[in-house]
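Engineer: Have a peek at structure_1.pdb (PDB, C-alpha atoms and all ligand atoms).
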ATOM      1  CA  MET A  63     -11.360 -14.871  13.062  1.00  0.00           C
ATOM      2  CA  ALA A  64      -9.873 -11.501  12.135  1.00  0.00           C
ATOM      3  CA  GLN A  65     -11.391  -8.327  13.460  1.00  0.00           C
ATOM      4  CA  PRO A  66     -13.826  -6.573  11.112  1.00  0.00           C
ATOM      5  CA  PHE A  67     -11.979  -4.521   8.594  1.00  0.00           C
ATOM      6  CA  GLN A  68     -11.752  -0.816   9.357  1.00  0.00           C
ATOM      7  CA  ARG A  69     -11.723   1.618   6.464  1.00  0.00           C
ATOM      8  CA  ARG A  70      -9.201   3.744   8.294  1.00  0.00           C
ATOM      9  CA  ASP A  71      -6.910   0.744   8.521  1.00  0.00           C
ATOM     10  CA  LEU A  72      -6.056   0.958   4.835  1.00  0.00           C
ATOM     11  CA  SER A  73      -2.876   2.665   5.789  1.00  0.00           C
ATOM     12  CA  ARG A  74       0.654   1.454   5.801  1.00  0.00           C
ATOM     13  CA  ARG A  75       0.449   0.367   9.412  1.00  0.00           C
ATOM     14  CA  GLY A  76      -3.184  -0.633   9.290  1.00  0.00           C
ATOM     15  CA  LEU A  77      -2.535  -3.024   6.433  1.00  0.00           C
ATOM     16  CA  LEU A  78      -0.100  -4.867   8.623  1.00  0.00           C
ATOM     17  CA  ALA A  79      -2.142  -4.571  11.778  1.00  0.00           C
ATOM     18  CA  GLY A  80      -5.454  -5.803  10.424  1.00  0.00           C
ATOM     19  CA  SER A  81      -6.213  -7.536  13.687  1.00  0.00           C
ATOM     20  CA  LEU A  82      -5.306  -7.311  17.325  1.00  0.00           C
ATOM     21  CA  ALA A  83      -2.895 -10.173  16.797  1.00  0.00           C
ATOM     22  CA  GLY A  84      -1.342  -8.217  13.947  1.00  0.00           C
ATOM     23  CA  ALA A  85      -1.006  -5.121  16.093  1.00  0.00           C
ATOM     24  CA  THR A  86       0.704  -7.176  18.768  1.00  0.00           C
ATOM     25  CA  ALA A  87       3.021  -8.690  16.203  1.00  0.00           C
ATOM     26  CA  LEU A  88       3.857  -5.203  14.979  1.00  0.00           C
ATOM     27  CA  ALA A  89       4.661  -4.028  18.485  1.00  0.00           C
ATOM     28  CA  LEU A  90       6.863  -7.045  19.103  1.00  0.00           C
ATOM     29  CA  GLY A  91       8.493  -6.753  15.715  1.00  0.00           C
ATOM     30  CA  SER A  92       7.846 -10.383  14.874  1.00  0.00           C
ATOM     31  CA  ALA A  93       5.019 -12.432  13.484  1.00  0.00           C
ATOM     32  CA  SER A  94       2.729 -14.093  15.960  1.00  0.00           C
ATOM     33  CA  PRO A  95       2.405 -17.874  15.518  1.00  0.00           C
ATOM     34  CA  SER A  96      -1.370 -17.422  15.536  1.00  0.00           C
ATOM     35  CA  GLN A  97      -1.267 -15.189  12.467  1.00  0.00           C
ATOM     36  CA  PRO A  98      -2.552 -16.729   9.228  1.00  0.00           C
ATOM     37  CA  SER A  99       0.289 -17.730   6.954  1.00  0.00           C
ATOM     38  CA  ASN A 100       1.454 -14.828   4.853  1.00  0.00           C
ATOM     39  CA  PRO A 101       2.657 -15.582   1.317  1.00  0.00           C
ATOM     40  CA  THR A 102       5.057 -12.675   1.513  1.00  0.00           C
ATOM     41  CA  ASP A 103       7.059 -14.164   4.356  1.00  0.00           C
ATOM     42  CA  ALA A 104       9.634 -15.731   2.105  1.00  0.00           C
ATOM     43  CA  THR A 105      10.130 -12.755  -0.171  1.00  0.00           C
ATOM     44  CA  MET A 106       9.592  -9.662   1.951  1.00  0.00           C
ATOM     45  CA  THR A 107      11.280  -8.146   4.929  1.00  0.00           C
ATOM     46  CA  GLN A 108      10.397  -5.626   7.609  1.00  0.00           C
ATOM     47  CA  ALA A 109      12.050  -3.018   5.383  1.00  0.00           C
ATOM     48  CA  ASP A 110       9.226  -3.252   2.862  1.00  0.00           C
ATOM     49  CA  PRO A 111       7.081  -0.146   3.225  1.00  0.00           C
ATOM     50  CA  PHE A 112       3.769  -1.926   2.640  1.00  0.00           C
ATOM     51  CA  GLN A 113       2.589  -5.284   3.907  1.00  0.00           C
ATOM     52  CA  LEU A 114      -0.085  -7.700   2.746  1.00  0.00           C
ATOM     53  CA  PRO A 115      -2.921  -7.835   5.284  1.00  0.00           C
ATOM     54  CA  PRO A 116      -4.145 -11.319   6.187  1.00  0.00           C
ATOM     55  CA  LEU A 117      -7.305 -12.511   4.474  1.00  0.00           C
ATOM     56  CA  PRO A 118     -10.202 -11.911   6.875  1.00  0.00           C
ATOM     57  CA  TYR A 119     -11.310 -15.559   6.525  1.00  0.00           C
ATOM     58  CA  ALA A 120     -10.077 -18.999   5.482  1.00  0.00           C
ATOM     59  CA  ASP A 121      -9.622 -19.538   1.756  1.00  0.00           C
ATOM     60  CA  THR A 122     -12.505 -22.045   1.834  1.00  0.00           C
ATOM     61  CA  ALA A 123     -14.897 -19.553   3.496  1.00  0.00           C
ATOM     62  CA  LEU A 124     -16.595 -18.407   0.300  1.00  0.00           C
ATOM     63  CA  GLU A 125     -17.215 -21.876  -1.134  1.00  0.00           C
ATOM     64  CA  PRO A 126     -19.092 -23.115  -3.071  1.00  0.00           C
ATOM     65  CA  HIS A 127     -19.441 -19.730  -4.789  1.00  0.00           C
ATOM     66  CA  ILE A 128     -15.783 -18.743  -4.870  1.00  0.00           C
ATOM     67  CA  SER A 129     -13.508 -21.758  -4.595  1.00  0.00           C
ATOM     68  CA  ALA A 130     -10.427 -22.017  -2.419  1.00  0.00           C
ATOM     69  CA  LYS A 131      -8.430 -22.312  -5.634  1.00  0.00           C
ATOM     70  CA  THR A 132      -9.714 -18.983  -6.931  1.00  0.00           C
ATOM     71  CA  LEU A 133      -9.277 -17.300  -3.568  1.00  0.00           C
ATOM     72  CA  SER A 134      -5.771 -18.623  -2.944  1.00  0.00           C
ATOM     73  CA  PHE A 135      -4.570 -17.543  -6.392  1.00  0.00           C
ATOM     74  CA  HIS A 136      -6.387 -14.223  -6.248  1.00  0.00           C
ATOM     75  CA  TYR A 137      -4.977 -13.333  -2.832  1.00  0.00           C
ATOM     76  CA  GLY A 138      -1.656 -15.171  -2.854  1.00  0.00           C
ATOM     77  CA  LYS A 139      -0.666 -14.428  -6.454  1.00  0.00           C
ATOM     78  CA  HIS A 140      -2.588 -11.423  -7.787  1.00  0.00           C
ATOM     79  CA  HIS A 141      -2.953  -9.305  -4.644  1.00  0.00           C
ATOM     80  CA  ASN A 142       0.522 -10.258  -3.521  1.00  0.00           C
ATOM     81  CA  ALA A 143       2.030  -9.346  -6.898  1.00  0.00           C
ATOM     82  CA  TYR A 144       0.532  -5.849  -6.747  1.00  0.00           C
ATOM     83  CA  LEU A 145       2.001  -5.495  -3.259  1.00  0.00           C
ATOM     84  CA  THR A 146       5.450  -6.695  -4.336  1.00  0.00           C
ATOM     85  CA  ASN A 147       5.409  -4.400  -7.374  1.00  0.00           C
ATOM     86  CA  LEU A 148       4.376  -1.453  -5.219  1.00  0.00           C
ATOM     87  CA  ASN A 149       7.172  -2.067  -2.726  1.00  0.00           C
ATOM     88  CA  ASN A 150       9.730  -2.401  -5.502  1.00  0.00           C
ATOM     89  CA  LEU A 151       8.544   0.841  -7.083  1.00  0.00           C
ATOM     90  CA  VAL A 152       8.511   2.992  -3.950  1.00  0.00           C
ATOM     91  CA  LYS A 153      11.240   1.521  -1.761  1.00  0.00           C
ATOM     92  CA  GLY A 154      13.791   4.205  -0.924  1.00  0.00           C
ATOM     93  CA  SER A 155      11.622   7.062  -2.264  1.00  0.00           C
ATOM     94  CA  ASP A 156       9.629   9.649  -0.333  1.00  0.00           C
ATOM     95  CA  LEU A 157       6.463   7.777  -1.315  1.00  0.00           C
ATOM     96  CA  ALA A 158       7.509   4.895   0.938  1.00  0.00           C
ATOM     97  CA  GLY A 159       6.680   6.910   4.057  1.00  0.00           C
ATOM     98  CA  LEU A 160       3.100   7.668   3.092  1.00  0.00           C
ATOM     99  CA  LYS A 161      -0.061   5.895   4.129  1.00  0.00           C
ATOM    100  CA  LEU A 162      -1.511   3.903   1.246  1.00  0.00           C
ATOM    101  CA  GLU A 163      -4.470   6.240   0.688  1.00  0.00           C
ATOM    102  CA  GLU A 164      -2.197   9.294   0.779  1.00  0.00           C
ATOM    103  CA  LEU A 165       0.118   7.686  -1.748  1.00  0.00           C
ATOM    104  CA  ILE A 166      -2.775   6.850  -4.089  1.00  0.00           C
ATOM    105  CA  LEU A 167      -4.079  10.426  -3.993  1.00  0.00           C
ATOM    106  CA  LYS A 168      -0.590  11.854  -4.472  1.00  0.00           C
ATOM    107  CA  VAL A 169       0.234   9.894  -7.633  1.00  0.00           C
ATOM    108  CA  ALA A 170      -3.278   9.648  -9.121  1.00  0.00           C
ATOM    109  CA  LYS A 171      -2.903  12.646 -11.428  1.00  0.00           C
ATOM    110  CA  ASP A 172       0.761  12.046 -12.294  1.00  0.00           C
ATOM    111  CA  GLU A 173       1.148  10.169 -15.585  1.00  0.00           C
ATOM    112  CA  SER A 174       4.801   9.445 -14.819  1.00  0.00           C
ATOM    113  CA  LYS A 175       3.693   7.519 -11.712  1.00  0.00           C
ATOM    114  CA  LYS A 176       1.032   5.417 -13.432  1.00  0.00           C
ATOM    115  CA  GLY A 177       2.706   2.148 -12.417  1.00  0.00           C
ATOM    116  CA  VAL A 178       2.815   3.184  -8.776  1.00  0.00           C
ATOM    117  CA  PHE A 179      -0.822   4.250  -8.907  1.00  0.00           C
ATOM    118  CA  ASN A 180      -1.996   1.030 -10.562  1.00  0.00           C
ATOM    119  CA  ASN A 181      -0.260  -1.223  -8.055  1.00  0.00           C
ATOM    120  CA  ALA A 182      -1.117   0.872  -4.992  1.00  0.00           C
ATOM    121  CA  ALA A 183      -4.764   1.152  -6.021  1.00  0.00           C
ATOM    122  CA  GLN A 184      -4.969  -2.568  -6.701  1.00  0.00           C
ATOM    123  CA  VAL A 185      -3.549  -3.300  -3.245  1.00  0.00           C
ATOM    124  CA  TRP A 186      -6.225  -1.047  -1.696  1.00  0.00           C
ATOM    125  CA  ASN A 187      -9.024  -2.372  -3.919  1.00  0.00           C
ATOM    126  CA  HIS A 188      -8.316  -6.023  -3.152  1.00  0.00           C
ATOM    127  CA  THR A 189      -8.147  -5.489   0.611  1.00  0.00           C
ATOM    128  CA  PHE A 190     -11.471  -3.681   0.363  1.00  0.00           C
ATOM    129  CA  TYR A 191     -12.928  -6.464  -1.796  1.00  0.00           C
ATOM    130  CA  TRP A 192     -11.987  -9.259   0.643  1.00  0.00           C
ATOM    131  CA  ASN A 193     -13.761  -7.358   3.360  1.00  0.00           C
ATOM    132  CA  SER A 194     -16.789  -6.714   1.161  1.00  0.00           C
ATOM    133  CA  MET A 195     -17.518 -10.461   1.406  1.00  0.00           C
ATOM    134  CA  ARG A 196     -17.923 -12.961   4.215  1.00  0.00           C
ATOM    135  CA  ALA A 197     -18.874 -16.577   4.757  1.00  0.00           C
ATOM    136  CA  LYS A 198     -22.664 -16.918   4.597  1.00  0.00           C
ATOM    137  CA  GLY A 199     -22.999 -13.351   3.386  1.00  0.00           C
ATOM    138  CA  GLY A 200     -25.776 -11.879   1.305  1.00  0.00           C
ATOM    139  CA  GLY A 201     -29.185 -11.201   2.795  1.00  0.00           C
ATOM    140  CA  LYS A 202     -30.315  -7.641   3.315  1.00  0.00           C
ATOM    141  CA  PRO A 203     -28.795  -4.617   5.024  1.00  0.00           C
ATOM    142  CA  SER A 204     -30.614  -3.060   7.967  1.00  0.00           C
ATOM    143  CA  GLY A 205     -30.997   0.245   9.742  1.00  0.00           C
ATOM    144  CA  LYS A 206     -29.635   3.461   8.234  1.00  0.00           C
ATOM    145  CA  LEU A 207     -28.002   1.655   5.309  1.00  0.00           C
ATOM    146  CA  ALA A 208     -31.240  -0.099   4.348  1.00  0.00           C
ATOM    147  CA  GLY A 209     -33.091   3.221   4.465  1.00  0.00           C
ATOM    148  CA  LEU A 210     -30.506   4.921   2.266  1.00  0.00           C
ATOM    149  CA  ILE A 211     -30.639   2.085  -0.268  1.00  0.00           C
ATOM    150  CA  ASP A 212     -34.415   2.409  -0.449  1.00  0.00           C
ATOM    151  CA  SER A 213     -34.338   6.189  -0.844  1.00  0.00           C
ATOM    152  CA  SER A 214     -31.466   6.106  -3.359  1.00  0.00           C
ATOM    153  CA  PHE A 215     -32.576   3.236  -5.609  1.00  0.00           C
ATOM    154  CA  GLY A 216     -36.295   2.824  -4.892  1.00  0.00           C
ATOM    155  CA  SER A 217     -35.986  -0.570  -3.211  1.00  0.00           C
ATOM    156  CA  PHE A 218     -33.428  -3.193  -2.263  1.00  0.00           C
ATOM    157  CA  ASP A 219     -34.418  -5.287  -5.282  1.00  0.00           C
ATOM    158  CA  ALA A 220     -33.991  -2.282  -7.558  1.00  0.00           C
ATOM    159  CA  PHE A 221     -30.530  -1.723  -6.041  1.00  0.00           C
ATOM    160  CA  LYS A 222     -29.586  -5.333  -6.765  1.00  0.00           C
ATOM    161  CA  GLU A 223     -30.750  -5.065 -10.367  1.00  0.00           C
ATOM    162  CA  GLN A 224     -28.823  -1.844 -10.911  1.00  0.00           C
ATOM    163  CA  PHE A 225     -25.664  -3.193  -9.269  1.00  0.00           C
ATOM    164  CA  LYS A 226     -25.855  -6.374 -11.336  1.00  0.00           C
ATOM    165  CA  LYS A 227     -26.339  -4.392 -14.535  1.00  0.00           C
ATOM    166  CA  ALA A 228     -23.425  -2.076 -13.737  1.00  0.00           C
ATOM    167  CA  ALA A 229     -21.032  -4.881 -12.731  1.00  0.00           C
ATOM    168  CA  THR A 230     -21.954  -6.973 -15.750  1.00  0.00           C
ATOM    169  CA  GLY A 231     -21.773  -4.001 -18.093  1.00  0.00           C
ATOM    170  CA  GLN A 232     -18.309  -2.811 -17.051  1.00  0.00           C
ATOM    171  CA  PHE A 233     -16.361  -3.456 -20.261  1.00  0.00           C
ATOM    172  CA  GLY A 234     -13.169  -5.399 -19.607  1.00  0.00           C
ATOM    173  CA  SER A 235     -11.400  -5.339 -16.251  1.00  0.00           C
ATOM    174  CA  GLY A 236     -12.571  -3.218 -13.360  1.00  0.00           C
ATOM    175  CA  TRP A 237     -14.700  -2.861 -10.276  1.00  0.00           C
ATOM    176  CA  ALA A 238     -18.328  -2.201  -9.311  1.00  0.00           C
ATOM    177  CA  TRP A 239     -18.851  -0.089  -6.206  1.00  0.00           C
ATOM    178  CA  LEU A 240     -21.568   1.098  -3.854  1.00  0.00           C
ATOM    179  CA  VAL A 241     -20.533   4.610  -2.836  1.00  0.00           C
ATOM    180  CA  VAL A 242     -21.752   7.606  -0.878  1.00  0.00           C
ATOM    181  CA  ASP A 243     -22.519  10.403  -3.316  1.00  0.00           C
ATOM    182  CA  GLY A 244     -23.650  13.502  -1.457  1.00  0.00           C
ATOM    183  CA  ALA A 245     -26.781  12.726   0.548  1.00  0.00           C
ATOM    184  CA  LYS A 246     -27.465   9.545  -1.406  1.00  0.00           C
ATOM    185  CA  LEU A 247     -25.834   6.288  -2.335  1.00  0.00           C
ATOM    186  CA  ALA A 248     -24.783   5.502  -5.896  1.00  0.00           C
ATOM    187  CA  ILE A 249     -23.414   2.637  -7.925  1.00  0.00           C
ATOM    188  CA  VAL A 250     -20.305   3.365  -9.935  1.00  0.00           C
ATOM    189  CA  THR A 251     -17.927   1.253 -11.967  1.00  0.00           C
ATOM    190  CA  THR A 252     -14.238   1.887 -12.534  1.00  0.00           C
ATOM    191  CA  GLY A 253     -11.853   0.447 -15.113  1.00  0.00           C
ATOM    192  CA  ASN A 254      -8.646  -1.410 -14.298  1.00  0.00           C
ATOM    193  CA  ALA A 255      -7.251  -0.078 -10.985  1.00  0.00           C
ATOM    194  CA  GLU A 256      -9.346   3.087 -10.720  1.00  0.00           C
ATOM    195  CA  LEU A 257     -11.234   3.665  -7.465  1.00  0.00           C
ATOM    196  CA  PRO A 258     -13.824   6.113  -6.037  1.00  0.00           C
ATOM    197  CA  LEU A 259     -11.285   7.614  -3.606  1.00  0.00           C
ATOM    198  CA  THR A 260      -9.725   9.713  -6.386  1.00  0.00           C
ATOM    199  CA  SER A 261     -13.041  11.404  -7.149  1.00  0.00           C
ATOM    200  CA  GLY A 262     -13.730  12.077  -3.490  1.00  0.00           C
ATOM    201  CA  LYS A 263     -16.405   9.423  -3.075  1.00  0.00           C
ATOM    202  CA  ARG A 264     -16.504   7.106  -0.079  1.00  0.00           C
ATOM    203  CA  ALA A 265     -16.765   3.426  -0.994  1.00  0.00           C
ATOM    204  CA  LEU A 266     -19.072   1.170   1.010  1.00  0.00           C
ATOM    205  CA  LEU A 267     -18.362  -2.083  -0.825  1.00  0.00           C
ATOM    206  CA  THR A 268     -16.912  -3.417  -4.053  1.00  0.00           C
ATOM    207  CA  CYS A 269     -17.091  -6.358  -6.418  1.00  0.00           C
ATOM    208  CA  ASP A 270     -13.993  -7.246  -8.439  1.00  0.00           C
ATOM    209  CA  VAL A 271     -15.018  -7.904 -12.038  1.00  0.00           C
ATOM    210  CA  TRP A 272     -11.566  -8.678 -13.422  1.00  0.00           C
ATOM    211  CA  GLU A 273     -11.789 -12.125 -15.017  1.00  0.00           C
ATOM    212  CA  HIS A 274      -9.270 -13.529 -12.530  1.00  0.00           C
ATOM    213  CA  ALA A 275     -11.891 -12.998  -9.802  1.00  0.00           C
ATOM    214  CA  TYR A 276     -14.340 -15.498 -11.265  1.00  0.00           C
ATOM    215  CA  TYR A 277     -13.037 -17.327 -14.316  1.00  0.00           C
ATOM    216  CA  LEU A 278     -12.075 -20.602 -12.589  1.00  0.00           C
ATOM    217  CA  ASP A 279     -15.528 -20.849 -10.991  1.00  0.00           C
ATOM    218  CA  PHE A 280     -17.824 -19.208 -13.518  1.00  0.00           C
ATOM    219  CA  GLN A 281     -15.787 -19.050 -16.772  1.00  0.00           C
ATOM    220  CA  ASN A 282     -17.375 -16.303 -18.892  1.00  0.00           C
ATOM    221  CA  ARG A 283     -20.570 -16.104 -16.798  1.00  0.00           C
ATOM    222  CA  ARG A 284     -19.924 -12.795 -15.058  1.00  0.00           C
ATOM    223  CA  PRO A 285     -23.654 -12.239 -14.383  1.00  0.00           C
ATOM    224  CA  ASP A 286     -23.768 -15.487 -12.352  1.00  0.00           C
ATOM    225  CA  TYR A 287     -20.709 -14.423 -10.359  1.00  0.00           C
ATOM    226  CA  VAL A 288     -22.261 -11.026  -9.590  1.00  0.00           C
ATOM    227  CA  THR A 289     -25.516 -12.730  -8.581  1.00  0.00           C
ATOM    228  CA  ALA A 290     -23.596 -15.016  -6.196  1.00  0.00           C
ATOM    229  CA  PHE A 291     -21.752 -11.985  -4.825  1.00  0.00           C
ATOM    230  CA  LEU A 292     -25.034 -10.201  -4.039  1.00  0.00           C
ATOM    231  CA  ASP A 293     -27.068 -13.195  -2.897  1.00  0.00           C
ATOM    232  CA  SER A 294     -24.504 -15.202  -0.936  1.00  0.00           C
ATOM    233  CA  LEU A 295     -21.283 -13.305  -0.282  1.00  0.00           C
ATOM    234  CA  VAL A 296     -21.760  -9.588   0.262  1.00  0.00           C
ATOM    235  CA  ASN A 297     -20.902  -8.340   3.762  1.00  0.00           C
ATOM    236  CA  TRP A 298     -23.526  -5.747   4.682  1.00  0.00           C
ATOM    237  CA  ASP A 299     -21.971  -5.229   8.120  1.00  0.00           C
ATOM    238  CA  PHE A 300     -18.806  -4.002   6.420  1.00  0.00           C
ATOM    239  CA  ALA A 301     -20.787  -1.623   4.199  1.00  0.00           C
ATOM    240  CA  ALA A 302     -22.675  -0.283   7.250  1.00  0.00           C
ATOM    241  CA  GLN A 303     -19.392   0.182   9.094  1.00  0.00           C
ATOM    242  CA  ASN A 304     -18.012   2.228   6.198  1.00  0.00           C
ATOM    243  CA  LEU A 305     -21.177   4.320   6.125  1.00  0.00           C
ATOM    244  CA  GLY A 306     -20.533   5.158   9.804  1.00  0.00           C
TER     245      GLY A 306
HETATM  246 MN    MN A 401      -8.604  -8.998  -8.548  1.00  0.00          MN
END
Once more with this new file: its structure as structure tokens, please.

Structural biologist:
Amino acid sequence: MAQPFQRRDLSRRGLLAGSLAGATALALGSASPSQPSNPTDATMTQADPFQLPPLPYADTALEPHISAKTLSFHYGKHHNAYLTNLNNLVKGSDLAGLKLEELILKVAKDESKKGVFNNAAQVWNHTFYWNSMRAKGGGKPSGKLAGLIDSSFGSFDAFKEQFKKAATGQFGSGWAWLVVDGAKLAIVTTGNAELPLTSGKRALLTCDVWEHAYYLDFQNRRPDYVTAFLDSLVNWDFAAQNLG
């Protein structure tokens, strides 16, 4: 079982060292045999500036809601492709030395770097999304987070309704987020690769609403996917950890 995801770990090194085993592997300069298999092994080298972090659970962990087929394609093909594209775009440039979040902020306003931004943001977004879910997730948050949800949305049920409406209503590809917005929490959606980081908002959790996230399991029924996300998958411990 991987260590809980740390928001601060969304850096160049953190992405590689997503667990203690990963950190050890980094120090030794070789992959530990206990590490989950990494689809980049065959195509990437240590020279690649960014690495794909291991999934925080087995690819069957989210069944029956999200199938192993969806998860293995989504992580192994989609997430991995963004990572490969990013490495190809930045290798040998000064961007290659930055932490992922620094890189995203640096290129976000630069139209000539749109491709770098899209791939870097999608790498960040997907890592954040995997950690926004867990096996036997769902339920209700507790403590400070529960209190903030009540004061920001009226009640937990009202939050769920608003999140569902936002995620379902995002036209085309994008993401639904729970974010910190000043003294309150808010729900925002972003299109394509956009993320709250670029508008200075701290994300607590996200739901990927690109069709590739749910089409094999739910076809066009995005509302059912979002309901499953909220009722059975969402990782409130991760959101609480991000709240700090
Ligand atoms: Mn996706």

Engineer: Take the PyMOL selection byres (((not hetatm)) within 6 of (chain A and resi 401)), apply it to the structure above, and return the hits as an mmCIF file with C-alpha atoms, in the coordinates of the input.

Structural biologist:
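Contents of part.cif, as written:
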data_model
loop_
_atom_site.group_PDB
_atom_site.id
_atom_site.type_symbol
_atom_site.label_atom_id
_atom_site.label_comp_id
_atom_site.auth_asym_id
_atom_site.auth_seq_id
_atom_site.Cartn_x
_atom_site.Cartn_y
_atom_site.Cartn_z
ATOM 1 C CA ASP A 270 -13.993 -7.246 -8.439
ATOM 2 C CA TRP A 272 -11.566 -8.678 -13.422
ATOM 3 C CA ALA A 275 -11.891 -12.998 -9.802
#

Engineer: Kindly give the distance, in Å, that separates CA of Leu240 (chain A) and CA of Val185 (chain A), rounded to a single decimal.

Structural biologist: 18.6 Å

Engineer: Enclose all atoms of region 198-213 of chain A listed in the file in an axis-aligned box, grow every side by 4 Å, and hand back centre and edge lengths in Å to one decimal, as AutoDock Vina command-line options.

Structural biologist:
--center_x -28.5 --center_y -5.4 --center_z 4.4 --size_x 19.8 --size_y 31.1 --size_z 18.6

Engineer: Please, which residues in region 171-240 of chain A fall within 9 Å of region 123-127 of chain A when counting all atoms listed in the file, and what is the closest atom pair and distance in Å to one decimal for each, ordered by chain then residue number, as a tab-separated table?

Structural biologist:
residue	atom	partner	partner_atom	distance
A:Met195	CA	A:Leu124	CA	8.1
A:Arg196	CA	A:Leu124	CA	6.8
A:Ala197	CA	A:Ala123	CA	5.1
A:Lys198	CA	A:Leu124	CA	7.6
A:Gly199	CA	A:Leu124	CA	8.7

Engineer: Excluding region 136-151 of chain A and its own-chain neighbours fewer than 4 positions away, which residues fall within 7 Å of it when counting all atoms listed in the file? Please give them as a VMD selection string.

Structural biologist: chain A and resid 101 110 to 112 114 132 178 181 to 182 184 to 185 188 274 to 275

Engineer: Choose the residue, out of A:Asp243, A:Glu164, A:Glu173, A:Asp121, that has the smallest atom-to-atom separation from Arg264 (chain A); count all atoms listed in the file.

Structural biologist: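 Using all atoms listed in the file, Arg264 (chain A) sits closest to A:Asp243.
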
Engineer: For the structure provided, state which residues fall under the PyMOL selection byres (((chain A and resi 165) around 10) and not hetatm), and present them as a PyMOL selection string.

Structural biologist: chain A and resi 73-74+152+156-164+166-170+178-179+182-183

Engineer: Quick one: apply the PyMOL selection byres (((chain A and resi 207) around 10) and not hetatm) to the file and drop the selected residues here as a list in words.

Structural biologist: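 Output of the PyMOL selection byres (((chain A and resi 207) around 10) and not hetatm): Lys202, Pro203, Ser204, Gly205, Lys206, Ala208, Gly209, Leu210, Ile211, Asp212, Ser213, Leu247, Leu266, Trp298, Asp299, Ala301, Ala302, Gln303, Leu305 and Gly306 of chain A.
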
Engineer: Given the choices A:Phe135, A:Ala265, A:Gly201, A:Gly216, which gets closest to Asn297 (chain A) if the distance is worked out from all atoms listed in the file?

Structural biologist: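 With all atoms listed in the file as the atom set, the closest residue is A:Gly201.
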
Engineer: Let me make sure I understand: among A:Leu133, A:Leu292, A:Leu117, A:Leu259, which one has the smallest atom-to-atom distance to Phe225 (chain A) if we use only C-alpha atoms?

Structural biologist: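 Smallest distance to Phe225 (chain A) is found for A:Leu292.
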
Engineer: Please indicate the distance in Å from CA of Asn193 (chain A) to CA of Ala238 (chain A), rounded to one decimal place.

Structural biologist: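 About the pair CA of Asn193 (chain A) and CA of Ala238 (chain A): they are 14.4 Å apart.
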
Engineer: Please list as a list in words every residue within 10 Å of Gly234 (chain A), counting all atoms listed in the file and excluding residues in the same chain fewer than 5 positions away.

Structural biologist: Gly253, Asn254, Val271, Trp272 and Glu273 of chain A

Engineer: Keeping only C-alpha atoms, write the selected residues to a file as a PDB file, in the frame of the given file.

Structural biologist:
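Here's the written file out.pdb:
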ATOM      1  CA  GLY A 253     -11.853   0.447 -15.113  1.00  0.00           C
ATOM      2  CA  ASN A 254      -8.646  -1.410 -14.298  1.00  0.00           C
ATOM      3  CA  VAL A 271     -15.018  -7.904 -12.038  1.00  0.00           C
ATOM      4  CA  TRP A 272     -11.566  -8.678 -13.422  1.00  0.00           C
ATOM      5  CA  GLU A 273     -11.789 -12.125 -15.017  1.00  0.00           C
TER       6      GLU A 273
END

Engineer: From the options A:Asn187, A:Ala130, A:Asp172, A:Asp219, which residue's atoms come nearest to Pro258 (chain A), counting only C-alpha atoms?

Structural biologist: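 Smallest distance to Pro258 (chain A) is found for A:Asn187.
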
Engineer: Can you tell me how far CA of Arg284 (chain A) sits from CA of Gly177 (chain A), in Å to one decimal?

Structural biologist: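 Result for CA of Arg284 (chain A) versus CA of Gly177 (chain A): 27.2 Å, one decimal.
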